[in-house]
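S.K.: Structure file model26.json (JSON, C-alpha atoms) is given on the next line.
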[["chain", "number", "residue", "atom", "x", "y", "z"],
["A", 1, "MET", "CA", 126.45, 97.88, 92.80],
["A", 2, "ALA", "CA", 129.53, 95.70, 92.40],
["A", 3, "ARG", "CA", 132.49, 96.13, 94.68],
["A", 4, "MET", "CA", 135.83, 96.86, 93.05],
["A", 5, "ASP", "CA", 138.72, 94.46, 93.55],
["A", 6, "GLN", "CA", 140.96, 95.69, 96.35],
["A", 7, "LYS", "CA", 144.72, 94.97, 96.22],
["A", 8, "LEU", "CA", 147.34, 95.83, 98.81],
["A", 9, "THR", "CA", 151.09, 95.17, 98.58],
["A", 10, "ALA", "CA", 154.03, 95.79, 100.91],
["A", 11, "ALA", "CA", 154.90, 98.93, 98.92],
["A", 12, "ASP", "CA", 151.67, 100.52, 100.11],
["A", 13, "CYS", "CA", 152.62, 100.16, 103.80],
["A", 14, "PRO", "CA", 154.77, 102.63, 105.82],
["A", 15, "ARG", "CA", 158.46, 101.61, 105.84],
["A", 16, "ASP", "CA", 158.58, 101.19, 109.62],
["A", 17, "ILE", "CA", 155.91, 98.49, 109.42],
["A", 18, "GLN", "CA", 157.24, 95.25, 107.98],
["A", 19, "THR", "CA", 154.01, 93.74, 106.73],
["A", 20, "PHE", "CA", 153.26, 91.47, 103.83],
["A", 21, "ALA", "CA", 149.68, 91.69, 102.63],
["A", 22, "PRO", "CA", 148.58, 89.20, 99.95],
["A", 23, "ASP", "CA", 146.21, 90.24, 97.21],
["A", 24, "ILE", "CA", 142.62, 90.27, 98.41],
["A", 25, "SER", "CA", 139.80, 89.87, 95.92],
["A", 26, "LEU", "CA", 136.24, 90.72, 96.90],
["A", 27, "ARG", "CA", 133.80, 89.21, 94.42],
["A", 28, "PRO", "CA", 130.33, 90.77, 94.07],
["A", 29, "ARG", "CA", 127.38, 88.59, 95.09],
["A", 30, "VAL", "CA", 124.19, 88.07, 93.11],
["A", 31, "GLN", "CA", 121.06, 86.53, 94.63],
["A", 32, "ILE", "CA", 118.83, 84.80, 92.08],
["A", 33, "VAL", "CA", 115.24, 84.66, 93.35],
["A", 34, "CYS", "CA", 112.76, 82.18, 91.83],
["A", 35, "ASN", "CA", 109.32, 80.72, 92.48],
["A", 36, "PRO", "CA", 109.33, 76.94, 91.77],
["A", 37, "GLU", "CA", 105.52, 76.95, 91.75],
["A", 38, "ALA", "CA", 105.29, 79.59, 89.00],
["A", 39, "GLY", "CA", 104.48, 78.67, 85.44],
["A", 40, "GLY", "CA", 107.50, 78.25, 83.18],
["A", 41, "TYR", "CA", 109.85, 77.35, 86.04],
["A", 42, "SER", "CA", 112.90, 75.46, 84.77],
["A", 43, "ALA", "CA", 115.72, 74.23, 87.01],
["A", 44, "LYS", "CA", 117.95, 73.85, 83.94],
["A", 45, "ARG", "CA", 117.39, 77.45, 82.85],
["A", 46, "LEU", "CA", 118.01, 78.63, 86.41],
["A", 47, "ALA", "CA", 121.35, 76.79, 86.44],
["A", 48, "LEU", "CA", 122.34, 78.40, 83.11],
["A", 49, "LEU", "CA", 121.46, 81.80, 84.53],
["A", 50, "GLY", "CA", 123.67, 81.16, 87.56],
["A", 51, "ASP", "CA", 126.52, 80.01, 85.33],
["A", 52, "ALA", "CA", 126.22, 83.20, 83.26],
["A", 53, "TYR", "CA", 126.53, 85.41, 86.35],
["A", 54, "ALA", "CA", 129.48, 83.33, 87.58],
["A", 55, "ARG", "CA", 131.28, 83.91, 84.27],
["A", 56, "HIS", "CA", 130.92, 87.65, 84.90],
["A", 57, "GLY", "CA", 132.68, 87.35, 88.25],
["A", 58, "PHE", "CA", 129.72, 86.95, 90.65],
["A", 59, "ASP", "CA", 129.30, 84.60, 93.56],
["A", 60, "VAL", "CA", 125.80, 83.17, 93.09],
["A", 61, "ILE", "CA", 123.13, 82.57, 95.75],
["A", 62, "VAL", "CA", 119.77, 81.01, 94.81],
["A", 63, "SER", "CA", 116.66, 81.51, 96.96],
["A", 64, "GLU", "CA", 112.89, 81.23, 96.61],
["A", 65, "SER", "CA", 110.00, 83.66, 96.91],
["A", 66, "SER", "CA", 106.25, 83.04, 96.84],
["A", 67, "PRO", "CA", 103.11, 84.38, 98.55],
["A", 68, "ILE", "CA", 103.63, 81.85, 101.37],
["A", 69, "SER", "CA", 107.43, 82.17, 101.44],
["A", 70, "PRO", "CA", 108.37, 85.89, 101.51],
["A", 71, "PHE", "CA", 111.60, 87.10, 99.97],
["A", 72, "VAL", "CA", 114.55, 87.73, 102.27],
["A", 73, "ALA", "CA", 117.64, 89.49, 100.92],
["A", 74, "ALA", "CA", 120.90, 87.66, 101.60],
["A", 75, "GLU", "CA", 123.49, 89.47, 103.72],
["A", 76, "GLY", "CA", 126.03, 91.46, 101.70],
["A", 77, "VAL", "CA", 124.29, 90.91, 98.36],
["A", 78, "ASP", "CA", 125.19, 93.40, 95.62],
["A", 79, "ARG", "CA", 122.64, 92.39, 92.99],
["A", 80, "ILE", "CA", 119.22, 90.72, 92.90],
["A", 81, "CYS", "CA", 118.03, 88.80, 89.84],
["A", 82, "ILE", "CA", 114.29, 88.00, 89.95],
["A", 83, "SER", "CA", 113.53, 84.98, 87.80],
["A", 84, "GLY", "CA", 109.76, 84.70, 87.49],
["A", 85, "GLY", "CA", 106.53, 86.27, 86.32],
["A", 86, "ASP", "CA", 105.03, 89.61, 87.29],
["A", 87, "GLY", "CA", 103.66, 88.21, 90.57],
["A", 88, "THR", "CA", 107.08, 87.05, 91.74],
["A", 89, "VAL", "CA", 108.61, 90.40, 90.76],
["A", 90, "ARG", "CA", 105.93, 92.23, 92.74],
["A", 91, "HIS", "CA", 106.49, 90.14, 95.88],
["A", 92, "VAL", "CA", 110.26, 90.74, 95.80],
["A", 93, "LEU", "CA", 110.08, 94.48, 95.10],
["A", 94, "GLU", "CA", 107.69, 94.97, 98.02],
["A", 95, "ASN", "CA", 110.67, 94.39, 100.30],
["A", 96, "ALA", "CA", 111.26, 97.87, 101.70],
["A", 97, "GLU", "CA", 114.86, 97.08, 102.69],
["A", 98, "LEU", "CA", 115.70, 96.17, 99.10],
["A", 99, "ARG", "CA", 114.23, 99.40, 97.73],
["A", 100, "THR", "CA", 116.43, 101.54, 99.95],
["A", 101, "ALA", "CA", 119.66, 99.52, 99.93],
["A", 102, "GLY", "CA", 121.01, 100.64, 96.54],
["A", 103, "VAL", "CA", 121.10, 97.03, 95.31],
["A", 104, "ALA", "CA", 120.99, 96.53, 91.54],
["A", 105, "VAL", "CA", 117.90, 94.60, 90.40],
["A", 106, "ASP", "CA", 117.55, 92.49, 87.23],
["A", 107, "ILE", "CA", 114.31, 90.86, 86.05],
["A", 108, "TYR", "CA", 114.81, 87.64, 84.09],
["A", 109, "PRO", "CA", 111.62, 86.89, 82.11],
["A", 110, "THR", "CA", 110.03, 83.59, 83.10],
["A", 111, "GLY", "CA", 106.68, 82.77, 84.70],
["A", 112, "THR", "CA", 103.27, 82.46, 83.07],
["A", 113, "ILE", "CA", 103.33, 86.11, 81.94],
["A", 114, "ASN", "CA", 106.00, 88.78, 82.38],
["A", 115, "LEU", "CA", 104.66, 92.13, 81.20],
["A", 116, "LEU", "CA", 107.62, 94.10, 82.54],
["A", 117, "ALA", "CA", 110.17, 92.15, 80.51],
["A", 118, "ARG", "CA", 107.89, 92.32, 77.45],
["A", 119, "GLU", "CA", 107.83, 96.13, 77.61],
["A", 120, "TRP", "CA", 111.58, 96.34, 78.15],
["A", 121, "LYS", "CA", 112.24, 93.72, 75.43],
["A", 122, "ASP", "CA", 114.85, 91.92, 77.53],
["A", 123, "ALA", "CA", 116.73, 88.92, 76.16],
["A", 124, "THR", "CA", 115.61, 85.45, 77.27],
["A", 125, "GLN", "CA", 118.84, 83.55, 76.57],
["A", 126, "PRO", "CA", 120.68, 83.52, 79.96],
["A", 127, "GLY", "CA", 124.13, 84.47, 78.62],
["A", 128, "ALA", "CA", 122.82, 87.37, 76.52],
["A", 129, "PHE", "CA", 120.57, 88.53, 79.35],
["A", 130, "VAL", "CA", 123.36, 88.75, 81.94],
["A", 131, "ARG", "CA", 125.76, 90.40, 79.50],
["A", 132, "VAL", "CA", 123.26, 93.22, 78.89],
["A", 133, "MET", "CA", 122.19, 93.55, 82.53],
["A", 134, "VAL", "CA", 125.69, 94.11, 83.94],
["A", 135, "GLN", "CA", 126.39, 96.86, 81.38],
["A", 136, "ARG", "CA", 123.13, 98.81, 81.12],
["A", 137, "CYS", "CA", 121.99, 101.90, 83.04],
["A", 138, "PRO", "CA", 119.15, 101.52, 85.59],
["A", 139, "ARG", "CA", 115.57, 101.93, 84.34],
["A", 140, "LYS", "CA", 112.77, 103.72, 86.18],
["A", 141, "LEU", "CA", 109.73, 101.82, 87.42],
["A", 142, "TYR", "CA", 106.87, 103.57, 89.24],
["A", 143, "PRO", "CA", 105.02, 101.05, 91.45],
["A", 144, "VAL", "CA", 101.42, 101.67, 92.49],
["A", 145, "ARG", "CA", 100.44, 101.31, 96.13],
["A", 146, "LEU", "CA", 97.30, 99.17, 96.44],
["A", 147, "ASN", "CA", 95.82, 99.03, 99.96],
["A", 148, "ASP", "CA", 98.51, 97.14, 101.92],
["A", 149, "THR", "CA", 100.28, 95.75, 98.83],
["A", 150, "SER", "CA", 101.30, 97.11, 95.40],
["A", 151, "PHE", "CA", 101.30, 96.35, 91.69],
["A", 152, "LEU", "CA", 103.61, 97.15, 88.79],
["A", 153, "ALA", "CA", 101.96, 96.64, 85.39],
["A", 154, "CYS", "CA", 98.16, 96.38, 85.43],
["A", 155, "ALA", "CA", 95.10, 95.82, 87.60],
["A", 156, "SER", "CA", 91.35, 95.41, 87.14],
["A", 157, "VAL", "CA", 87.97, 94.80, 88.72],
["A", 158, "GLY", "CA", 85.62, 93.03, 86.35],
["A", 159, "PRO", "CA", 85.06, 89.73, 84.50],
["A", 160, "ASP", "CA", 88.78, 88.98, 84.13],
["A", 161, "ALA", "CA", 89.41, 89.58, 87.85],
["A", 162, "ARG", "CA", 86.62, 87.13, 88.70],
["A", 163, "ALA", "CA", 88.24, 84.66, 86.29],
["A", 164, "VAL", "CA", 91.58, 85.03, 88.08],
["A", 165, "ALA", "CA", 89.83, 84.54, 91.44],
["A", 166, "SER", "CA", 88.35, 81.22, 90.28],
["A", 167, "LEU", "CA", 91.53, 80.03, 88.54],
["A", 168, "SER", "CA", 92.78, 76.55, 89.39],
["A", 169, "PRO", "CA", 96.48, 76.72, 90.47],
["A", 170, "ALA", "CA", 96.95, 73.07, 89.47],
["A", 171, "LEU", "CA", 95.55, 73.73, 85.99],
["A", 172, "LYS", "CA", 97.74, 76.84, 85.68],
["A", 173, "ARG", "CA", 100.85, 74.74, 86.44],
["A", 174, "ARG", "CA", 99.82, 72.19, 83.78],
["A", 175, "ILE", "CA", 98.74, 74.40, 80.88],
["A", 176, "GLY", "CA", 100.07, 77.87, 81.77],
["A", 177, "ARG", "CA", 98.18, 80.90, 80.48],
["A", 178, "LEU", "CA", 95.52, 78.73, 78.80],
["A", 179, "ALA", "CA", 94.14, 78.18, 82.31],
["A", 180, "TYR", "CA", 92.95, 81.80, 82.26],
["A", 181, "ALA", "CA", 90.91, 81.11, 79.12],
["A", 182, "VAL", "CA", 89.28, 78.10, 80.79],
["A", 183, "SER", "CA", 88.37, 80.16, 83.84],
["A", 184, "MET", "CA", 87.03, 83.01, 81.67],
["A", 185, "ALA", "CA", 84.81, 80.57, 79.78],
["A", 186, "ARG", "CA", 83.24, 79.65, 83.12],
["A", 187, "GLN", "CA", 82.53, 83.33, 83.78],
["A", 188, "PHE", "CA", 80.59, 83.61, 80.52],
["A", 189, "VAL", "CA", 78.27, 80.84, 81.75],
["A", 190, "ASN", "CA", 77.58, 82.60, 85.07],
["A", 191, "TRP", "CA", 77.86, 86.28, 84.07],
["A", 192, "GLN", "CA", 77.69, 89.06, 86.68],
["A", 193, "ARG", "CA", 77.38, 92.83, 86.38],
["A", 194, "PRO", "CA", 78.14, 94.45, 89.75],
["A", 195, "GLN", "CA", 78.09, 98.24, 89.96],
["A", 196, "LEU", "CA", 81.34, 100.10, 90.73],
["A", 197, "ARG", "CA", 82.06, 103.63, 91.91],
["A", 198, "VAL", "CA", 85.49, 104.80, 90.71],
["A", 199, "VAL", "CA", 86.99, 108.10, 91.89],
["A", 200, "VAL", "CA", 90.04, 109.38, 89.97],
["A", 201, "ASP", "CA", 91.85, 112.29, 91.61],
["A", 202, "GLY", "CA", 88.56, 113.33, 93.20],
["A", 203, "GLU", "CA", 86.40, 112.88, 90.07],
["A", 204, "PRO", "CA", 83.71, 110.18, 90.54],
["A", 205, "MET", "CA", 82.28, 107.92, 87.83],
["A", 206, "ASP", "CA", 80.02, 104.85, 87.81],
["A", 207, "CYS", "CA", 80.81, 101.77, 85.76],
["A", 208, "GLU", "CA", 80.58, 97.96, 85.68],
["A", 209, "ALA", "CA", 84.29, 97.20, 85.06],
["A", 210, "VAL", "CA", 87.53, 99.13, 85.45],
["A", 211, "TYR", "CA", 91.03, 98.50, 84.09],
["A", 212, "LEU", "CA", 94.20, 100.26, 85.25],
["A", 213, "ALA", "CA", 97.43, 100.37, 83.26],
["A", 214, "LYS", "CA", 100.78, 101.38, 84.70],
["A", 215, "GLY", "CA", 102.66, 99.63, 81.90],
["A", 216, "HIS", "CA", 101.95, 99.26, 78.20],
["A", 217, "TYR", "CA", 100.86, 95.60, 78.07],
["A", 218, "TYR", "CA", 97.97, 93.59, 79.47],
["A", 219, "ALA", "CA", 97.64, 89.77, 79.57],
["A", 220, "GLY", "CA", 100.37, 89.34, 76.94],
["A", 221, "PRO", "CA", 101.03, 91.34, 73.74],
["A", 222, "TRP", "CA", 97.84, 93.45, 74.02],
["A", 223, "SER", "CA", 97.15, 96.91, 75.39],
["A", 224, "PHE", "CA", 94.05, 98.85, 76.46],
["A", 225, "ALA", "CA", 96.13, 101.99, 77.16],
["A", 226, "PRO", "CA", 98.79, 102.28, 74.42],
["A", 227, "GLU", "CA", 100.33, 105.43, 75.95],
["A", 228, "ALA", "CA", 101.00, 103.85, 79.35],
["A", 229, "ARG", "CA", 104.65, 103.21, 80.22],
["A", 230, "LEU", "CA", 106.44, 101.73, 83.24],
["A", 231, "ASP", "CA", 108.81, 104.71, 83.49],
["A", 232, "ASN", "CA", 105.97, 107.28, 83.40],
["A", 233, "PRO", "CA", 104.26, 108.16, 86.70],
["A", 234, "ASP", "CA", 100.80, 108.44, 85.09],
["A", 235, "LEU", "CA", 98.25, 105.70, 85.72],
["A", 236, "TYR", "CA", 95.72, 105.11, 82.92],
["A", 237, "ILE", "CA", 92.20, 104.21, 84.03],
["A", 238, "VAL", "CA", 89.76, 102.66, 81.55],
["A", 239, "THR", "CA", 86.13, 102.18, 82.60],
["A", 240, "LEU", "CA", 83.35, 100.19, 80.92],
["A", 241, "ARG", "CA", 80.04, 101.91, 81.58],
["A", 242, "ARG", "CA", 78.26, 98.64, 80.78],
["A", 243, "ALA", "CA", 79.90, 95.21, 81.04],
["A", 244, "ARG", "CA", 77.43, 92.82, 79.47],
["A", 245, "ARG", "CA", 78.80, 89.73, 77.74],
["A", 246, "ARG", "CA", 78.75, 91.44, 74.35],
["A", 247, "ASP", "CA", 80.26, 94.64, 75.79],
["A", 248, "PHE", "CA", 83.17, 92.70, 77.24],
["A", 249, "ALA", "CA", 83.66, 90.73, 74.00],
["A", 250, "VAL", "CA", 83.73, 93.98, 72.00],
["A", 251, "PHE", "CA", 86.24, 95.45, 74.49],
["A", 252, "LEU", "CA", 88.55, 92.43, 74.08],
["A", 253, "LEU", "CA", 88.34, 92.57, 70.28],
["A", 254, "ALA", "CA", 89.07, 96.31, 70.32],
["A", 255, "MET", "CA", 92.07, 95.69, 72.55],
["A", 256, "LEU", "CA", 93.41, 93.07, 70.13],
["A", 257, "VAL", "CA", 93.37, 95.56, 67.24],
["A", 258, "GLY", "CA", 94.38, 98.60, 69.33],
["A", 259, "ARG", "CA", 91.09, 100.53, 69.10],
["A", 260, "VAL", "CA", 89.78, 100.62, 72.66],
["A", 261, "GLY", "CA", 89.65, 104.42, 72.52],
["A", 262, "ASN", "CA", 87.05, 104.29, 69.72],
["A", 263, "LEU", "CA", 84.39, 102.57, 71.84],
["A", 264, "ASP", "CA", 81.45, 104.68, 73.01],
["A", 265, "ASN", "CA", 81.07, 102.43, 76.08],
["A", 266, "VAL", "CA", 84.63, 103.13, 77.24],
["A", 267, "ARG", "CA", 86.17, 106.11, 79.01],
["A", 268, "THR", "CA", 89.92, 106.60, 79.49],
["A", 269, "ILE", "CA", 91.38, 109.03, 82.02],
["A", 270, "LYS", "CA", 94.84, 109.60, 83.54],
["A", 271, "GLY", "CA", 95.37, 109.95, 87.27],
["A", 272, "ARG", "CA", 97.61, 109.32, 90.27],
["A", 273, "ASP", "CA", 95.09, 108.53, 93.04],
["A", 274, "VAL", "CA", 92.20, 106.09, 92.41],
["A", 275, "LYS", "CA", 89.50, 104.73, 94.71],
["A", 276, "ILE", "CA", 87.32, 101.75, 93.73],
["A", 277, "ASP", "CA", 84.24, 100.76, 95.71],
["A", 278, "SER", "CA", 81.27, 98.42, 95.21],
["A", 279, "VAL", "CA", 78.13, 97.32, 97.06],
["A", 280, "GLY", "CA", 79.72, 93.97, 97.91],
["A", 281, "ALA", "CA", 83.38, 92.98, 98.12],
["A", 282, "LEU", "CA", 84.77, 92.15, 94.67],
["A", 283, "PRO", "CA", 88.17, 90.66, 93.72],
["A", 284, "LEU", "CA", 90.82, 92.98, 92.32],
["A", 285, "GLN", "CA", 93.52, 91.34, 90.22],
["A", 286, "ALA", "CA", 96.94, 92.95, 89.98],
["A", 287, "ASP", "CA", 99.71, 91.63, 87.72],
["A", 288, "GLY", "CA", 97.78, 88.38, 87.23],
["A", 289, "ASP", "CA", 97.07, 87.59, 90.90],
["A", 290, "ILE", "CA", 94.22, 88.51, 93.24],
["A", 291, "ALA", "CA", 95.77, 91.28, 95.32],
["A", 292, "CYS", "CA", 92.81, 92.41, 97.46],
["A", 293, "MET", "CA", 89.05, 92.89, 97.61],
["A", 294, "THR", "CA", 87.17, 96.13, 97.14],
["A", 295, "PRO", "CA", 87.11, 98.79, 98.47],
["A", 296, "ALA", "CA", 90.58, 99.62, 97.19],
["A", 297, "ARG", "CA", 92.77, 102.67, 96.91],
["A", 298, "LEU", "CA", 95.58, 102.90, 94.34],
["A", 299, "VAL", "CA", 98.26, 105.61, 94.55],
["A", 300, "VAL", "CA", 101.26, 105.97, 92.22],
["A", 301, "ALA", "CA", 104.59, 106.24, 94.05],
["A", 302, "ASP", "CA", 106.20, 109.68, 94.10],
["A", 303, "GLU", "CA", 109.66, 108.24, 93.44],
["A", 304, "PRO", "CA", 110.57, 105.44, 91.02],
["A", 305, "VAL", "CA", 112.33, 102.18, 91.81],
["A", 306, "LEU", "CA", 115.51, 101.71, 89.73],
["A", 307, "ILE", "CA", 115.60, 98.39, 87.89]]
Go ahead and express the file in the form of structure tokens.

M.R.:
Amino acid sequence: MARMDQKLTAADCPRDIQTFAPDISLRPRVQIVCNPEAGGYSAKRLALLGDAYARHGFDVIVSESSPISPFVAAEGVDRICISGGDGTVRHVLENAELRTAGVAVDIYPTGTINLLAREWKDATQPGAFVRVMVQRCPRKLYPVRLNDTSFLACASVGPDARAVASLSPALKRRIGRLAYAVSMARQFVNWQRPQLRVVVDGEPMDCEAVYLAKGHYYAGPWSFAPEARLDNPDLYIVTLRRARRRDFAVFLLAMLVGRVGNLDNVRTIKGRDVKIDSVGALPLQADGDIACMTPARLVVADEPVLI
């Protein structure tokens, strides 16, 4: 929320007070938050983004956020611009002070994958992005509480989560999203089929893999729950009763052509409160990062965050 320019002249003062007050201009402040370790990081693009905000009258502050360097909001900041992938966005929005401070939040799409920006179809050219952001109305985003953290777009327990857990950060920095394909290929060599118990709003079901969609997209331009939307409080849960190699391959192919709902091995259900448990602890990936281990509880927020 930008502060309006405030101007005071001698004419505004009582006549018995001989005071001269010069014009005072209070410029709004924007804090650009980035993760230099994230895929797609570009110092040049970050500088262009800062220049674009400056041209719209903002004082610009640049800071960093990562899992080992938590986000801290600058004092007196009016606007936050998160420049990064879904993981960076999640880490910044977990800041409780930011959620309650009435600070405007922009999400500039960089990082290995940014599903939020893909759904909102935001511009990627810095000048065009800032021009739209400072004029648009806030958008609703319903985060999902996940144990002691949260996620925004998607989560899963299954072969892809195990691939994320074994992902090489160095390889991810070098080749970006292709590193996920390399890690998934390793999973096909050493395939596992752990049993899961999933309870959706009190209704239990057994499966070997589970996928949860808060937003429309998953892992890029694909979707396993086409009706899911960021501004809708419903969480879509998709379970695979069997998750053999061929079952998972069929699931991926169906997702590519938008026909996941036609698979006999798949069940889709909507809910707000989900519990996932397993015999042994299994990794749960959320927005492309390992967020926790099972058991896990996921609860959609009652109130949205305005973005």

S.K.: Could you build a table of the residues in stretch 89-202 of chain A lying no more than 9 Å from stretch 221-230 of chain A, giving for each the nearest pair of atoms and their separation in Å rounded to one decimal place, using all atoms listed in the file, ordered by chain and ascending residue number, as a Markdown table?

M.R.:
| residue | atom | partner | partner_atom | distance |
| --- | --- | --- | --- | --- |
| A:Leu115 | CA | A:Pro221 | CA | 8.3 |
| A:Leu116 | CA | A:Leu230 | CA | 7.8 |
| A:Arg118 | CA | A:Pro221 | CA | 7.9 |
| A:Glu119 | CA | A:Leu230 | CA | 8.1 |
| A:Lys140 | CA | A:Leu230 | CA | 7.3 |
| A:Leu141 | CA | A:Leu230 | CA | 5.3 |
| A:Tyr142 | CA | A:Leu230 | CA | 6.3 |
| A:Pro143 | CA | A:Leu230 | CA | 8.4 |
| A:Leu152 | CA | A:Leu230 | CA | 7.7 |
| A:Ala153 | CA | A:Leu230 | CA | 7.1 |

S.K.: Write to file, as a CSV table (one decimal), in the coordinates of the input, the residues of the selection just made, with C-alpha atoms.

M.R.:
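And here is the file that came out, result.csv:
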chain,number,residue,atom,x,y,z
A,115,LEU,CA,104.7,92.1,81.2
A,116,LEU,CA,107.6,94.1,82.5
A,118,ARG,CA,107.9,92.3,77.4
A,119,GLU,CA,107.8,96.1,77.6
A,140,LYS,CA,112.8,103.7,86.2
A,141,LEU,CA,109.7,101.8,87.4
A,142,TYR,CA,106.9,103.6,89.2
A,143,PRO,CA,105.0,101.0,91.4
A,152,LEU,CA,103.6,97.2,88.8
A,153,ALA,CA,102.0,96.6,85.4

S.K.: Could you state the separation of atom CA of A:Ala128 and atom CA of A:Ala52 in Å, given to one decimal place?

M.R.: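 Separating atom CA of A:Ala128 from atom CA of A:Ala52 is a distance of 8.6 Å.
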
S.K.: If you count only C-alpha atoms, which residues fall within 12 Å of A:Arg272, apart from same-chain ones fewer than 6 positions away, as a PyMOL selection string?

M.R.: chain A and resi 142-146+199-203+212-214+232-237+297-302

S.K.: Using atom CA of A:Phe71 and atom CA of A:Val33 as the two end points, give the distance in Å to one decimal.

M.R.: 7.9 Å

S.K.: Report the distance between atom CA of A:Ala155 and atom CA of A:Arg90 in Å, rounded to one decimal place.

M.R.: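 Atom CA of A:Arg90 lies at a distance of 12.5 Å from atom CA of A:Ala155.
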
S.K.: Give the answer as one residue: which of A:Arg193, A:Leu240, A:Ala163, A:Pro204 has the shortest atom-to-atom distance to A:Gly280, using all atoms listed in the file?

M.R.: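 Answer, going by the shortest atom-to-atom distance: A:Arg193.
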
S.K.: Looking at only C-alpha atoms, which of A:Tyr53, A:Phe58, A:Tyr217, A:Tyr41 is the one that sits closest to A:Ala117?

M.R.: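 Smallest separation from A:Ala117 among the options: A:Tyr217.
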
S.K.: Please determine, counting all atoms listed in the file, which residue among A:His91, A:Arg55, A:Arg139, A:Arg259 has the shortest atom-to-atom distance to A:Val72.

M.R.: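 Under the stated criterion, the closest residue is A:His91.
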
S.K.: Return the single residue from A:Ala170, A:Ala181, A:Ala104, A:Ala123 that is closest to A:Ala38, with distances computed using all atoms listed in the file.

M.R.: A:Ala170

S.K.: Name the residues in contact with stretch 132-134 of chain A at a cut-off of 9 Å, using only C-alpha atoms, excluding same-chain residues fewer than 2 positions from it; report them as a PyMOL selection string.

M.R.: chain A and resi 56+106+122-123+127-130+136-137

S.K.: A:Lys121, A:Arg241, A:His216, A:Arg197: which is nearest A:Ala296, counting only C-alpha atoms?

M.R.: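 Under the stated criterion, the closest residue is A:Arg197.
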
S.K.: Using all atoms listed in the file, tabulate the residues of stretch 19-101 of chain A lying at most 12 Å from any atom of stretch 147-150 of chain A, each with its closest atom pair and that distance in Å to one decimal, by chain and increasing residue number, as a tab-separated table.

M.R.:
residue	atom	partner	partner_atom	distance
A:Pro67	CA	A:Thr149	CA	11.7
A:Asp86	CA	A:Ser150	CA	11.7
A:Gly87	CA	A:Ser150	CA	10.4
A:Val89	CA	A:Ser150	CA	11.0
A:Arg90	CA	A:Ser150	CA	7.2
A:His91	CA	A:Ser150	CA	8.7
A:Val92	CA	A:Ser150	CA	11.0
A:Leu93	CA	A:Ser150	CA	9.2
A:Glu94	CA	A:Ser150	CA	7.2
A:Asn95	CA	A:Thr149	CA	10.6
A:Ala96	CA	A:Thr149	CA	11.5

S.K.: Counting only C-alpha atoms, what is within 7 Å of A:Thr110, bar same-chain residues fewer than 5 positions away, as a PyMOL selection string?

M.R.: chain A and resi 40-41+83-85

S.K.: Can you write out the residues you just picked, keeping C-alpha atoms, as a CSV table (one decimal), in the coordinates of the input?

M.R.:
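Done, and the output landed in part-v8.csv:
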chain,number,residue,atom,x,y,z
A,40,GLY,CA,107.5,78.2,83.2
A,41,TYR,CA,109.8,77.4,86.0
A,83,SER,CA,113.5,85.0,87.8
A,84,GLY,CA,109.8,84.7,87.5
A,85,GLY,CA,106.5,86.3,86.3

S.K.: Quick one: residues within 12 Å of (88.0, 102.1, 72.3) (file frame), counting all atoms listed in the file, please, as number ranges by chain.

M.R.: A: 223-226, 238-240, 247-248, 250-268

S.K.: Using all atoms listed in the file, list the residues that have an atom at most 10 Å from (86.6, 89.7, 88.8), coordinates as in the file, as a PDB file with C-alpha atoms, in the coordinates of the input.

M.R.:
ATOM      1  CA  SER A 156      91.350  95.410  87.140  1.00  0.00           C
ATOM      2  CA  VAL A 157      87.970  94.800  88.720  1.00  0.00           C
ATOM      3  CA  GLY A 158      85.620  93.030  86.350  1.00  0.00           C
ATOM      4  CA  PRO A 159      85.060  89.730  84.500  1.00  0.00           C
ATOM      5  CA  ASP A 160      88.780  88.980  84.130  1.00  0.00           C
ATOM      6  CA  ALA A 161      89.410  89.580  87.850  1.00  0.00           C
ATOM      7  CA  ARG A 162      86.620  87.130  88.700  1.00  0.00           C
ATOM      8  CA  ALA A 163      88.240  84.660  86.290  1.00  0.00           C
ATOM      9  CA  VAL A 164      91.580  85.030  88.080  1.00  0.00           C
ATOM     10  CA  ALA A 165      89.830  84.540  91.440  1.00  0.00           C
ATOM     11  CA  SER A 166      88.350  81.220  90.280  1.00  0.00           C
ATOM     12  CA  MET A 184      87.030  83.010  81.670  1.00  0.00           C
ATOM     13  CA  GLN A 187      82.530  83.330  83.780  1.00  0.00           C
ATOM     14  CA  GLN A 192      77.690  89.060  86.680  1.00  0.00           C
ATOM     15  CA  PRO A 194      78.140  94.450  89.750  1.00  0.00           C
ATOM     16  CA  ALA A 209      84.290  97.200  85.060  1.00  0.00           C
ATOM     17  CA  LEU A 282      84.770  92.150  94.670  1.00  0.00           C
ATOM     18  CA  PRO A 283      88.170  90.660  93.720  1.00  0.00           C
ATOM     19  CA  LEU A 284      90.820  92.980  92.320  1.00  0.00           C
ATOM     20  CA  GLN A 285      93.520  91.340  90.220  1.00  0.00           C
ATOM     21  CA  ILE A 290      94.220  88.510  93.240  1.00  0.00           C
ATOM     22  CA  MET A 293      89.050  92.890  97.610  1.00  0.00           C
TER      23      MET A 293
END
